[in-house]
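Data from my_file_30.tsv: TSV, C-alpha atoms
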```tsv
chain	number	residue	atom	x	y	z
A	1	MET	CA	0.00	0.00	0.00
A	2	ALA	CA	2.66	2.48	1.07
A	3	SER	CA	4.80	1.61	-1.91
A	4	GLN	CA	1.79	1.97	-4.19
A	5	VAL	CA	1.26	5.51	-2.89
A	6	ALA	CA	4.97	6.19	-3.26
A	7	ASN	CA	4.94	4.92	-6.82
A	8	TRP	CA	1.86	6.96	-7.64
A	9	LEU	CA	3.52	10.10	-6.32
A	10	GLU	CA	6.86	9.32	-7.95
A	11	GLU	CA	5.17	8.92	-11.32
A	12	ARG	CA	3.89	12.49	-10.97
A	13	PHE	CA	6.72	14.29	-9.15
A	14	GLY	CA	9.67	12.35	-10.56
A	15	LEU	CA	11.75	13.30	-7.53
A	16	ALA	CA	13.70	10.07	-7.09
A	17	ASP	CA	16.46	11.15	-9.48
A	18	VAL	CA	16.69	14.56	-7.88
A	19	ILE	CA	16.93	13.09	-4.39
A	20	ARG	CA	19.53	10.58	-5.53
A	21	TYR	CA	21.52	13.38	-7.18
A	22	VAL	CA	21.35	15.66	-4.15
A	23	LEU	CA	21.73	13.22	-1.25
A	24	PHE	CA	23.70	10.29	-2.65
A	25	ARG	CA	26.54	12.20	-4.18
A	26	GLN	CA	30.05	10.90	-4.58
A	27	ILE	CA	32.32	12.55	-2.06
A	28	PRO	CA	36.10	12.69	-2.10
A	29	GLU	CA	38.22	10.34	-0.06
A	30	GLY	CA	39.39	11.56	3.33
A	31	VAL	CA	36.58	13.92	4.27
A	32	ASN	CA	36.32	14.23	8.04
A	33	TRP	CA	34.31	15.74	10.87
A	34	TRP	CA	35.43	19.27	9.99
A	35	TYR	CA	33.27	18.94	6.89
A	36	THR	CA	30.11	18.75	9.00
A	37	PHE	CA	30.03	22.34	10.18
A	38	GLY	CA	28.07	23.59	7.18
A	39	SER	CA	25.37	21.03	7.93
A	40	ILE	CA	25.56	21.89	11.62
A	41	SER	CA	25.00	25.55	10.77
A	42	MET	CA	22.01	24.67	8.64
A	43	PHE	CA	20.60	22.39	11.32
A	44	LEU	CA	20.90	25.21	13.85
A	45	PHE	CA	19.25	27.59	11.40
A	46	THR	CA	16.26	25.23	11.10
A	47	LEU	CA	16.12	25.07	14.89
A	48	GLN	CA	16.13	28.86	15.00
A	49	LEU	CA	13.32	29.02	12.44
A	50	ALA	CA	11.17	26.61	14.42
A	51	THR	CA	11.80	28.07	17.88
A	52	GLY	CA	11.79	31.66	16.58
A	53	ILE	CA	8.36	31.26	15.00
A	54	MET	CA	7.11	29.84	18.32
A	55	LEU	CA	8.55	32.84	20.17
A	56	THR	CA	6.75	35.33	17.91
A	57	MET	CA	3.46	33.81	19.12
A	58	SER	CA	3.96	35.36	22.56
A	59	TYR	CA	6.36	38.23	21.99
A	60	ALA	CA	5.24	41.86	21.73
A	61	PRO	CA	7.77	44.21	20.10
A	62	SER	CA	6.84	47.33	22.01
A	63	PRO	CA	8.77	49.06	24.80
A	64	ASP	CA	5.80	48.68	27.13
A	65	HIS	CA	5.41	44.97	26.62
A	66	ALA	CA	8.61	43.46	25.20
A	67	TYR	CA	10.29	42.71	28.52
A	68	ASP	CA	7.10	41.42	30.15
A	69	SER	CA	6.24	39.24	27.18
A	70	VAL	CA	9.69	37.65	27.34
A	71	ARG	CA	9.17	37.08	31.09
A	72	TYR	CA	5.83	35.51	30.23
A	73	ILE	CA	7.46	33.17	27.71
A	74	ASN	CA	10.10	32.23	30.26
A	75	ASP	CA	7.98	31.87	33.39
A	76	VAL	CA	4.43	31.08	32.35
A	77	ALA	CA	4.15	29.66	28.84
A	78	VAL	CA	4.31	25.86	28.78
A	79	PHE	CA	7.77	24.82	27.50
A	80	GLY	CA	8.39	28.54	26.91
A	81	ALA	CA	11.66	28.56	28.80
A	82	PHE	CA	12.79	25.48	26.86
A	83	ILE	CA	11.94	26.96	23.48
A	84	ARG	CA	13.52	30.31	24.32
A	85	GLY	CA	16.52	28.52	25.79
A	86	ILE	CA	17.07	26.65	22.56
A	87	HIS	CA	16.72	29.85	20.56
A	88	LYS	CA	19.23	31.63	22.75
A	89	TRP	CA	21.86	28.89	22.87
A	90	ALA	CA	21.48	27.86	19.26
A	91	ALA	CA	22.01	31.51	18.34
A	92	SER	CA	25.43	31.51	19.97
A	93	GLY	CA	26.07	28.03	18.59
A	94	MET	CA	25.28	29.19	15.10
A	95	VAL	CA	27.80	32.02	15.22
A	96	LEU	CA	30.40	29.50	16.41
A	97	ALA	CA	29.42	26.93	13.78
A	98	VAL	CA	29.56	29.33	10.84
A	99	PHE	CA	32.97	30.57	11.97
A	100	VAL	CA	34.36	27.03	12.28
A	101	HIS	CA	32.84	26.28	8.87
A	102	MET	CA	34.53	29.34	7.40
A	103	LEU	CA	37.88	28.47	8.95
A	104	ARG	CA	37.63	24.89	7.65
A	105	VAL	CA	36.96	26.19	4.14
A	106	TYR	CA	39.83	28.63	4.48
A	107	TYR	CA	42.44	26.23	5.82
A	108	PHE	CA	41.49	23.44	3.40
A	109	GLY	CA	41.64	25.88	0.50
A	110	SER	CA	38.12	24.89	-0.49
A	111	TYR	CA	37.33	28.42	-1.66
A	112	LYS	CA	39.54	28.03	-4.72
A	113	TYR	CA	38.39	27.50	-8.32
A	114	PRO	CA	35.64	26.66	-9.12
A	115	ARG	CA	34.11	27.40	-5.71
A	116	GLU	CA	34.80	31.14	-5.43
A	117	MET	CA	31.13	32.05	-5.58
A	118	THR	CA	30.27	29.49	-2.91
A	119	TRP	CA	32.71	31.39	-0.68
A	120	VAL	CA	31.24	34.78	-1.59
A	121	VAL	CA	27.70	33.58	-0.89
A	122	GLY	CA	29.01	32.09	2.34
A	123	VAL	CA	30.41	35.46	3.40
A	124	VAL	CA	26.98	37.00	2.80
A	125	LEU	CA	25.49	34.25	4.99
A	126	LEU	CA	28.08	34.97	7.70
A	127	LEU	CA	27.04	38.64	7.72
A	128	LEU	CA	23.37	37.64	7.85
A	129	VAL	CA	24.07	35.44	10.88
A	130	LEU	CA	25.83	38.32	12.63
A	131	GLY	CA	22.88	40.54	11.71
A	132	PHE	CA	20.57	38.03	13.39
A	133	GLY	CA	22.71	38.19	16.50
A	134	PHE	CA	22.78	41.97	16.62
A	135	THR	CA	19.05	42.49	16.03
A	136	GLY	CA	17.95	39.58	18.22
A	137	TYR	CA	20.01	40.85	21.13
A	138	LEU	CA	17.78	43.94	21.49
A	139	LEU	CA	14.46	42.10	21.58
A	140	PRO	CA	14.39	41.07	25.29
A	141	TRP	CA	14.51	44.82	25.99
A	142	ASP	CA	16.40	44.48	29.25
A	143	GLN	CA	19.32	46.64	30.39
A	144	LYS	CA	21.91	44.56	28.59
A	145	ALA	CA	19.90	44.60	25.37
A	146	TYR	CA	19.29	48.34	25.53
A	147	TRP	CA	22.87	49.37	26.22
A	148	ALA	CA	24.38	46.87	23.81
A	149	THR	CA	22.22	48.37	21.07
A	150	GLU	CA	23.05	51.90	22.21
A	151	VAL	CA	26.74	51.05	21.88
A	152	GLY	CA	26.30	49.00	18.70
A	153	THR	CA	24.37	51.67	16.84
A	154	ASN	CA	26.80	54.34	18.04
A	155	ILE	CA	29.64	52.30	16.53
A	156	ALA	CA	27.73	52.25	13.24
A	157	GLY	CA	27.35	56.02	13.65
A	158	LEU	CA	31.12	56.38	13.45
A	159	ALA	CA	31.27	55.13	9.86
A	160	PRO	CA	32.85	57.81	7.67
A	161	PHE	CA	30.55	60.26	5.83
A	162	LEU	CA	27.30	58.32	6.11
A	163	GLY	CA	27.61	57.32	9.77
A	164	THR	CA	25.06	59.77	11.14
A	165	TYR	CA	22.48	58.69	8.56
A	166	VAL	CA	23.17	55.00	9.13
A	167	LEU	CA	22.67	55.59	12.85
A	168	GLN	CA	19.33	57.31	12.29
A	169	ILE	CA	18.10	54.69	9.83
A	170	MET	CA	19.01	51.89	12.24
A	171	ARG	CA	17.29	53.57	15.16
A	172	GLY	CA	14.39	54.93	13.15
A	173	GLY	CA	15.17	58.35	14.58
A	174	GLY	CA	17.62	60.15	16.82
A	175	GLU	CA	17.13	58.17	19.98
A	176	LEU	CA	16.75	54.48	20.66
A	177	GLY	CA	13.09	53.74	21.33
A	178	ALA	CA	9.83	52.17	20.19
A	179	VAL	CA	10.64	52.56	16.50
A	180	THR	CA	14.07	51.00	16.96
A	181	LEU	CA	12.48	47.96	18.55
A	182	THR	CA	9.93	47.40	15.77
A	183	ARG	CA	12.63	47.95	13.16
A	184	PHE	CA	14.96	45.42	14.71
A	185	TYR	CA	12.07	43.01	15.14
A	186	SER	CA	11.06	43.30	11.50
A	187	ILE	CA	14.65	42.82	10.36
A	188	HIS	CA	15.12	39.88	12.72
A	189	VAL	CA	11.96	37.94	11.88
A	190	MET	CA	11.20	38.94	8.28
A	191	ILE	CA	14.06	40.40	6.29
A	192	LEU	CA	16.99	38.33	7.55
A	193	PRO	CA	15.22	34.93	7.50
A	194	LEU	CA	14.02	35.46	3.92
A	195	LEU	CA	17.44	36.59	2.74
A	196	THR	CA	19.09	33.73	4.60
A	197	LEU	CA	16.80	31.14	3.00
A	198	LEU	CA	17.53	32.64	-0.40
A	199	PHE	CA	21.29	32.60	0.07
A	200	ILE	CA	21.29	29.11	1.64
A	201	THR	CA	19.48	27.90	-1.48
A	202	VAL	CA	22.16	29.40	-3.72
A	203	HIS	CA	24.93	28.08	-1.43
A	204	LEU	CA	23.53	24.54	-1.47
A	205	TYR	CA	22.90	24.65	-5.21
A	206	LEU	CA	26.59	25.41	-5.68
A	207	VAL	CA	27.66	22.72	-3.19
A	208	VAL	CA	25.60	20.08	-5.01
A	209	LYS	CA	26.50	21.33	-8.46
A	210	LEU	CA	30.25	21.55	-7.87
A	211	GLY	CA	30.67	18.79	-5.29
A	212	ILE	CA	32.78	19.22	-2.19
A	213	SER	CA	36.52	19.62	-2.32
A	214	ALA	CA	38.96	16.94	-1.23
A	215	PRO	CA	41.04	17.64	1.86
A	216	PRO	CA	44.47	18.99	0.94
A	217	LYS	CA	47.28	16.46	0.67
A	218	GLU	CA	50.22	17.39	2.84
B	1	MET	CA	15.95	35.07	-25.29
B	2	PRO	CA	14.84	37.62	-27.86
B	3	ASN	CA	15.75	36.90	-31.40
B	4	PHE	CA	18.43	39.48	-32.22
B	5	SER	CA	18.56	40.43	-35.82
B	6	SER	CA	21.99	40.95	-37.25
B	7	ASN	CA	21.07	43.71	-39.70
B	8	GLY	CA	20.30	46.30	-36.98
B	9	VAL	CA	16.54	46.11	-37.52
B	10	HIS	CA	14.45	45.50	-34.43
B	11	THR	CA	12.30	42.47	-34.67
B	12	ARG	CA	8.80	42.43	-33.22
B	13	ARG	CA	10.02	39.95	-30.60
B	14	GLN	CA	12.77	42.32	-29.53
B	15	PHE	CA	10.36	45.23	-29.35
B	16	LEU	CA	8.01	43.21	-27.15
B	17	GLY	CA	10.94	42.14	-24.99
B	18	TYR	CA	12.01	45.73	-24.39
B	19	THR	CA	8.42	46.78	-23.72
B	20	VAL	CA	7.93	44.07	-21.10
B	21	GLY	CA	11.28	45.04	-19.55
B	22	ALA	CA	10.32	48.73	-19.44
B	23	ILE	CA	6.94	48.02	-17.86
B	24	GLY	CA	8.66	45.82	-15.28
B	25	GLY	CA	11.11	48.62	-14.59
B	26	ILE	CA	8.32	51.14	-14.09
B	27	ILE	CA	6.47	48.81	-11.70
B	28	THR	CA	9.69	48.21	-9.76
B	29	ALA	CA	10.32	51.95	-9.47
B	30	VAL	CA	6.75	52.74	-8.44
B	31	ILE	CA	6.98	50.19	-5.62
B	32	GLY	CA	10.69	50.49	-4.90
B	33	ILE	CA	11.05	54.26	-4.46
B	34	PRO	CA	8.37	54.50	-1.74
B	35	VAL	CA	9.79	51.42	-0.02
B	36	VAL	CA	13.28	52.89	0.11
B	37	GLY	CA	11.88	56.25	1.22
B	38	TYR	CA	9.89	54.54	3.96
B	39	VAL	CA	12.97	52.79	5.29
B	40	ILE	CA	15.42	55.70	5.17
B	41	SER	CA	12.98	58.48	6.15
B	42	PRO	CA	14.41	58.71	9.72
B	43	VAL	CA	17.38	60.63	8.28
B	44	LEU	CA	15.02	63.58	7.87
B	45	ALA	CA	13.83	63.42	11.48
B	46	LYS	CA	14.69	66.64	13.25
B	47	ARG	CA	15.36	66.42	16.91
B	48	SER	CA	13.35	69.02	18.79
B	49	SER	CA	15.33	71.03	21.32
B	50	GLU	CA	14.33	70.66	24.92
B	51	ASP	CA	13.32	73.25	27.49
B	52	TRP	CA	15.20	74.59	30.48
B	53	VAL	CA	14.87	72.22	33.40
B	54	ALA	CA	15.18	73.25	37.05
B	55	LEU	CA	17.78	70.98	38.63
B	56	GLY	CA	17.45	72.24	42.18
B	57	GLN	CA	18.35	75.03	44.55
B	58	LEU	CA	21.99	76.04	44.63
B	59	LYS	CA	22.42	75.29	48.31
B	60	GLU	CA	21.13	71.74	47.84
B	61	PHE	CA	24.17	70.64	45.88
B	62	PRO	CA	26.94	69.18	48.03
B	63	LYS	CA	30.36	70.70	47.43
B	64	GLY	CA	33.14	68.63	45.91
B	65	VAL	CA	30.87	65.65	45.20
B	66	PRO	CA	29.10	65.11	41.89
B	67	THR	CA	25.32	64.84	42.17
B	68	ARG	CA	23.10	62.96	39.80
B	69	VAL	CA	19.90	64.85	39.05
B	70	GLU	CA	17.05	62.99	37.40
B	71	PHE	CA	14.07	64.47	35.65
B	72	SER	CA	11.64	63.29	33.03
B	73	VAL	CA	10.51	64.77	29.76
B	74	PHE	CA	7.73	63.76	27.42
B	75	LYS	CA	9.02	62.73	24.02
B	76	LYS	CA	7.19	61.63	20.94
B	77	ASP	CA	8.63	58.29	19.88
B	78	GLY	CA	6.88	56.94	16.80
B	79	TRP	CA	3.27	56.43	17.81
B	80	VAL	CA	3.73	56.92	21.54
B	81	THR	CA	4.44	59.96	23.63
B	82	GLU	CA	6.72	58.54	26.23
B	83	LYS	CA	7.93	59.74	29.56
B	84	VAL	CA	11.69	59.62	29.09
B	85	GLN	CA	13.92	59.51	32.11
B	86	ARG	CA	16.83	61.93	31.81
B	87	ALA	CA	19.75	62.46	34.13
B	88	VAL	CA	22.59	64.95	34.37
B	89	TRP	CA	25.59	65.20	36.67
B	90	VAL	CA	26.12	68.44	38.59
B	91	TYR	CA	29.42	69.37	40.17
B	92	THR	CA	30.34	72.39	42.23
B	93	ASP	CA	33.35	73.28	44.34
B	94	ASP	CA	32.01	76.42	45.96
B	95	GLY	CA	28.24	76.38	45.53
B	96	GLN	CA	28.50	79.32	43.14
B	97	SER	CA	29.84	78.05	39.86
B	98	PHE	CA	28.54	74.78	38.52
B	99	ASN	CA	29.36	72.21	35.89
B	100	VAL	CA	26.42	70.33	34.41
B	101	TYR	CA	27.34	67.24	32.41
B	102	ASN	CA	25.43	65.12	29.96
B	103	PRO	CA	25.61	61.65	31.57
B	104	ARG	CA	26.69	59.85	28.42
B	105	CYS	CA	30.23	58.62	28.13
B	106	THR	CA	31.67	60.31	25.05
B	107	HIS	CA	33.01	56.99	23.76
B	108	LEU	CA	29.82	55.13	22.83
B	109	GLY	CA	27.09	56.59	24.96
B	110	CYS	CA	26.77	54.48	28.11
B	111	ALA	CA	25.59	56.37	31.20
B	112	VAL	CA	28.40	57.13	33.63
B	113	PHE	CA	28.08	56.33	37.33
B	114	LEU	CA	29.90	57.65	40.37
B	115	ASP	CA	32.46	55.26	41.77
B	116	GLU	CA	32.19	56.02	45.49
B	117	LYS	CA	35.64	54.64	46.23
B	118	ASP	CA	37.71	57.04	44.17
B	119	GLN	CA	35.02	59.66	43.46
B	120	LYS	CA	35.39	59.35	39.70
B	121	LEU	CA	32.68	59.18	37.06
B	122	LYS	CA	33.02	55.89	35.21
B	123	SER	CA	31.35	54.20	32.28
B	124	PRO	CA	30.31	50.58	32.85
B	125	CYS	CA	30.83	49.61	29.21
B	126	HIS	CA	34.48	50.02	28.19
B	127	GLY	CA	36.12	51.53	31.23
B	128	GLY	CA	36.03	55.26	30.50
B	129	VAL	CA	36.97	57.33	33.57
B	130	PHE	CA	36.22	61.04	33.98
B	131	ASP	CA	37.19	63.65	36.52
B	132	PRO	CA	33.96	65.03	38.02
B	133	LYS	CA	35.62	68.43	38.67
B	134	ASN	CA	36.06	69.34	35.03
B	135	GLY	CA	34.85	66.34	33.03
B	136	LYS	CA	38.34	65.54	31.75
B	137	VAL	CA	39.17	62.00	30.62
B	138	LEU	CA	41.35	60.19	33.15
B	139	GLY	CA	41.35	56.80	31.49
B	140	GLY	CA	39.82	54.49	28.96
B	141	PRO	CA	38.76	55.09	25.35
B	142	PRO	CA	36.64	58.31	25.50
B	143	PRO	CA	37.85	60.77	22.84
B	144	ARG	CA	36.81	63.94	24.71
B	145	SER	CA	35.71	65.27	28.10
B	146	LEU	CA	32.20	64.80	29.37
B	147	ASP	CA	29.88	67.16	27.52
B	148	THR	CA	28.82	70.19	29.51
B	149	LEU	CA	25.29	71.46	29.04
B	150	PRO	CA	24.03	75.04	28.80
B	151	GLN	CA	23.19	76.23	32.30
B	152	LYS	CA	21.91	79.31	34.09
B	153	ILE	CA	21.19	80.39	37.63
B	154	GLU	CA	17.89	82.10	38.34
B	155	GLY	CA	16.30	82.88	41.66
B	156	GLY	CA	18.71	80.71	43.57
B	157	SER	CA	18.08	77.67	41.38
B	158	LEU	CA	20.20	75.92	38.79
B	159	PHE	CA	18.73	75.31	35.34
B	160	ALA	CA	20.07	73.36	32.38
B	161	VAL	CA	19.05	72.30	28.88
B	162	TYR	CA	19.49	68.65	28.00
B	163	LYS	CA	21.29	68.02	24.71
B	164	ASP	CA	23.06	65.08	23.11
B	165	PHE	CA	26.27	65.26	21.14
B	166	LYS	CA	27.88	63.12	18.47
B	167	LEU	CA	29.68	60.30	20.23
B	168	GLY	CA	33.03	58.70	19.63
B	169	VAL	CA	34.70	61.77	18.08
B	170	SER	CA	36.95	64.39	19.59
B	171	ASP	CA	34.79	67.34	18.49
B	172	LYS	CA	31.68	68.22	20.41
B	173	THR	CA	28.85	68.59	17.89
B	174	GLU	CA	25.22	68.69	18.87
B	175	VAL	CA	22.90	66.11	17.34
```
What is this file in structure tokens?
Amino acid sequence: MASQVANWLEERFGLADVIRYVLFRQIPEGVNWWYTFGSISMFLFTLQLATGIMLTMSYAPSPDHAYDSVRYINDVAVFGAFIRGIHKWAASGMVLAVFVHMLRVYYFGSYKYPREMTWVVGVVLLLLVLGFGFTGYLLPWDQKAYWATEVGTNIAGLAPFLGTYVLQIMRGGGELGAVTLTRFYSIHVMILPLLTLLFITVHLYLVVKLGISAPPKE
Amino acid sequence: MPNFSSNGVHTRRQFLGYTVGAIGGIITAVIGIPVVGYVISPVLAKRSSEDWVALGQLKEFPKGVPTRVEFSVFKKDGWVTEKVQRAVWVYTDDGQSFNVYNPRCTHLGCAVFLDEKDQKLKSPCHGGVFDPKNGKVLGGPPPRSLDTLPQKIEGGSLFAVYKDFKLGVSDKTEV
């Protein structure tokens, strides 16, 4: 019965070849655990998507309610502390994982021809991950969040020529406040996830298309 | 791909291709320009200057010790008018001439606090240290002294106007 359904679907979707091509690729001899950090990053990203969407169900991005809604998630909501805990720790883990991934690619020389664009797209993904960290840090709206964003946006304000404008665009005005919080929230839950999904797709397309590189021979 | 003719004559297919491209471009501009304007509009936001605030009677300020004076102002922030907590530091040696400081560390804007042990104003963020007497930098990364605020004495009371200044640079420019 199950196989009949599978066959019926396969006749229409024709996915078997695609799946075989994507998942059962030939890989070079000698690949090791260092090669897993890309997958680890993507696993953590999926975790962040799942837990992050759950968090938006109870989070209110307004100065009056942000802190209390996070307290509510942590103290009252069933499994709230667990879900938020995962989101928080996986966030730090993701920054670590993408850096280890980048260093592996660098030290193994995997960025070389023909994988230059995989590297470039990867750098974009690295910046997106750091953007997630910066914008997500403000959302609990506690003292640490507030002052870290005060300092972070002031650093951006020191950029030559355009600094002052960058600062105002980031904050949505002169001072850090309600508009800053909604801006950061929108960037954190809408703009960055969509861009990240897009760039992960391109990154994985290139990985599958070009295959992974062999470890360097000493 | 449009069928490019080699003799320099535009084919109908090419003409249609350009037309579709142009219409797409117009649609993109009609949507895109307002979107970009919406996002970057805060650059046009003018900061309204604040009023004189009474900080207290002259004789209330202890001599030789900086005093933190808090007050609140109502500020429009997006869709809310919020009560914003402000603070300034006041220092006097003789009870006659006063220094009123903006509480922000000139490095990256953290609020300074008074370290009771050595009577210095310090920033909790990156270790900036200021002399409460004159606001001068005694240590850490701040590029300039604490910013003094406009002040006046009227009827035995000290008044000041709260202002913010561009942070992280050696010149004091109001924002």
I need the chain A residues near chain B as a list in words; criterion: at most 7 Å, counting all atoms listed in the file. Trp147, Glu150, Val151, Asn154, Ile155, Leu158, Tyr165, Gln168, Ile169, Gly172, Gly173, Gly174, Gly177, Ala178 and Val179 of chain A
Shell of 10 Å around range 143-159 of chain B, all atoms listed in the file, local chain residues under 4 positions omitted, as a PDB file with C-alpha atoms, keeping the file's coordinate frame:
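So selection_27.pdb came out as:
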```pdb
ATOM      1  CA  ASP B  51      13.320  73.250  27.490  1.00  0.00           C
ATOM      2  CA  TRP B  52      15.200  74.590  30.480  1.00  0.00           C
ATOM      3  CA  VAL B  53      14.870  72.220  33.400  1.00  0.00           C
ATOM      4  CA  ALA B  54      15.180  73.250  37.050  1.00  0.00           C
ATOM      5  CA  LEU B  55      17.780  70.980  38.630  1.00  0.00           C
ATOM      6  CA  GLY B  56      17.450  72.240  42.180  1.00  0.00           C
ATOM      7  CA  GLN B  57      18.350  75.030  44.550  1.00  0.00           C
ATOM      8  CA  LEU B  58      21.990  76.040  44.630  1.00  0.00           C
ATOM      9  CA  LYS B  59      22.420  75.290  48.310  1.00  0.00           C
ATOM     10  CA  GLU B  60      21.130  71.740  47.840  1.00  0.00           C
ATOM     11  CA  PHE B  61      24.170  70.640  45.880  1.00  0.00           C
ATOM     12  CA  VAL B  88      22.590  64.950  34.370  1.00  0.00           C
ATOM     13  CA  TRP B  89      25.590  65.200  36.670  1.00  0.00           C
ATOM     14  CA  VAL B  90      26.120  68.440  38.590  1.00  0.00           C
ATOM     15  CA  GLN B  96      28.500  79.320  43.140  1.00  0.00           C
ATOM     16  CA  SER B  97      29.840  78.050  39.860  1.00  0.00           C
ATOM     17  CA  PHE B  98      28.540  74.780  38.520  1.00  0.00           C
ATOM     18  CA  ASN B  99      29.360  72.210  35.890  1.00  0.00           C
ATOM     19  CA  VAL B 100      26.420  70.330  34.410  1.00  0.00           C
ATOM     20  CA  TYR B 101      27.340  67.240  32.410  1.00  0.00           C
ATOM     21  CA  ASN B 102      25.430  65.120  29.960  1.00  0.00           C
ATOM     22  CA  PRO B 103      25.610  61.650  31.570  1.00  0.00           C
ATOM     23  CA  ARG B 104      26.690  59.850  28.420  1.00  0.00           C
ATOM     24  CA  CYS B 105      30.230  58.620  28.130  1.00  0.00           C
ATOM     25  CA  THR B 106      31.670  60.310  25.050  1.00  0.00           C
ATOM     26  CA  HIS B 107      33.010  56.990  23.760  1.00  0.00           C
ATOM     27  CA  LEU B 108      29.820  55.130  22.830  1.00  0.00           C
ATOM     28  CA  VAL B 112      28.400  57.130  33.630  1.00  0.00           C
ATOM     29  CA  LEU B 121      32.680  59.180  37.060  1.00  0.00           C
ATOM     30  CA  GLY B 128      36.030  55.260  30.500  1.00  0.00           C
ATOM     31  CA  VAL B 129      36.970  57.330  33.570  1.00  0.00           C
ATOM     32  CA  PHE B 130      36.220  61.040  33.980  1.00  0.00           C
ATOM     33  CA  ASP B 131      37.190  63.650  36.520  1.00  0.00           C
ATOM     34  CA  PRO B 132      33.960  65.030  38.020  1.00  0.00           C
ATOM     35  CA  ASN B 134      36.060  69.340  35.030  1.00  0.00           C
ATOM     36  CA  GLY B 135      34.850  66.340  33.030  1.00  0.00           C
ATOM     37  CA  LYS B 136      38.340  65.540  31.750  1.00  0.00           C
ATOM     38  CA  VAL B 137      39.170  62.000  30.620  1.00  0.00           C
ATOM     39  CA  LEU B 138      41.350  60.190  33.150  1.00  0.00           C
ATOM     40  CA  LYS B 163      21.290  68.020  24.710  1.00  0.00           C
ATOM     41  CA  ASP B 164      23.060  65.080  23.110  1.00  0.00           C
ATOM     42  CA  PHE B 165      26.270  65.260  21.140  1.00  0.00           C
ATOM     43  CA  LEU B 167      29.680  60.300  20.230  1.00  0.00           C
ATOM     44  CA  GLY B 168      33.030  58.700  19.630  1.00  0.00           C
ATOM     45  CA  VAL B 169      34.700  61.770  18.080  1.00  0.00           C
ATOM     46  CA  SER B 170      36.950  64.390  19.590  1.00  0.00           C
ATOM     47  CA  ASP B 171      34.790  67.340  18.490  1.00  0.00           C
ATOM     48  CA  LYS B 172      31.680  68.220  20.410  1.00  0.00           C
ATOM     49  CA  THR B 173      28.850  68.590  17.890  1.00  0.00           C
ATOM     50  CA  GLU B 174      25.220  68.690  18.870  1.00  0.00           C
TER      51      GLU B 174
END
```
One decimal, in Å: what's the spacing between CA of Arg25 in chain A and CA of Tyr205 in chain A?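 Calculated distance between CA of Arg25 in chain A and CA of Tyr205 in chain A is 13.0 Å.
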Identify, on the basis of only C-alpha atoms, every residue whose closest approach to range 63-65 of chain A does not exceed 9 Å; exclude the query and any residue fewer than 4 positions from it along the same chain; express the result as a PyMOL selection string. chain A and resi 59+69-70+141+177-178+181
Contacts of Ile40 in chain A at 10 Å (only C-alpha atoms; same-chain gap of 5+ positions) as a list in words: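 Counting only the stated atoms, we get Tyr35, Phe45, Thr46, Gly93, Met94, Ala97, Val98 and His101 of chain A.
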Taking into account only C-alpha atoms, which residue in the set A:Tyr67, A:Phe184, A:Tyr137, A:Phe199 is nearest to Gly122 in chain A?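 Distance minimum relative to Gly122 in chain A lands on A:Phe199.
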Can you pull out every residue within 9 Å of Gly64 in chain B, counting all atoms listed in the file, but drop anything in the same chain fewer than 2 positions away, and send it as a list in words? Pro62, Pro66, Tyr91, Thr92, Asp93, Asp94, Pro132 and Lys133 of chain B
With distances taken over all atoms listed in the file, which residue among A:Gly52, A:Pro193, A:Gly157, A:Gly133 lies nearest Ala91 in chain A?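 For Ala91 in chain A, the nearest of the given residues is A:Gly133.
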Go ahead and compute the interatomic distance for CA of Ala60 in chain A and CA of Gly136 in chain A, in Å to one decimal.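 It comes out at 13.4 Å.
You can rank A:Ile212, A:Asp75, A:Leu197, A:Met57 by their closest distance to Val129 in chain A using all atoms listed in the file, and at the top of that list sits A:Leu197.
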As AutoDock Vina command-line options, please: the centre and edge lengths in Å, to one decimal, of an axis-aligned box enclosing every listed atom of range 15-18 of chain B with 5 Å added on each side.
```
--center_x 10.0 --center_y 43.9 --center_z -26.9 --size_x 14.0 --size_y 13.6 --size_z 15.0
```
Quick one: residues within 12 Å of Tyr106 in chain A, only C-alpha atoms counted, chain neighbours fewer than 2 positions away excluded, as number ranges by chain? A: 34-35, 99-104, 108-112, 115-116, 119, 122-123, 213, 215-216
d(CA of Ile200 in chain A, CA of Trp89 in chain A) in Å: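 If I compute the distance from CA of Ile200 in chain A to CA of Trp89 in chain A, I get 21.2 Å.
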For Ala214 in chain A, which residue among A:Ala145, A:Leu176, A:Val31, A:Ala77 is the nearest when counting all atoms listed in the file?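 Smallest separation from Ala214 in chain A among the options: A:Val31.
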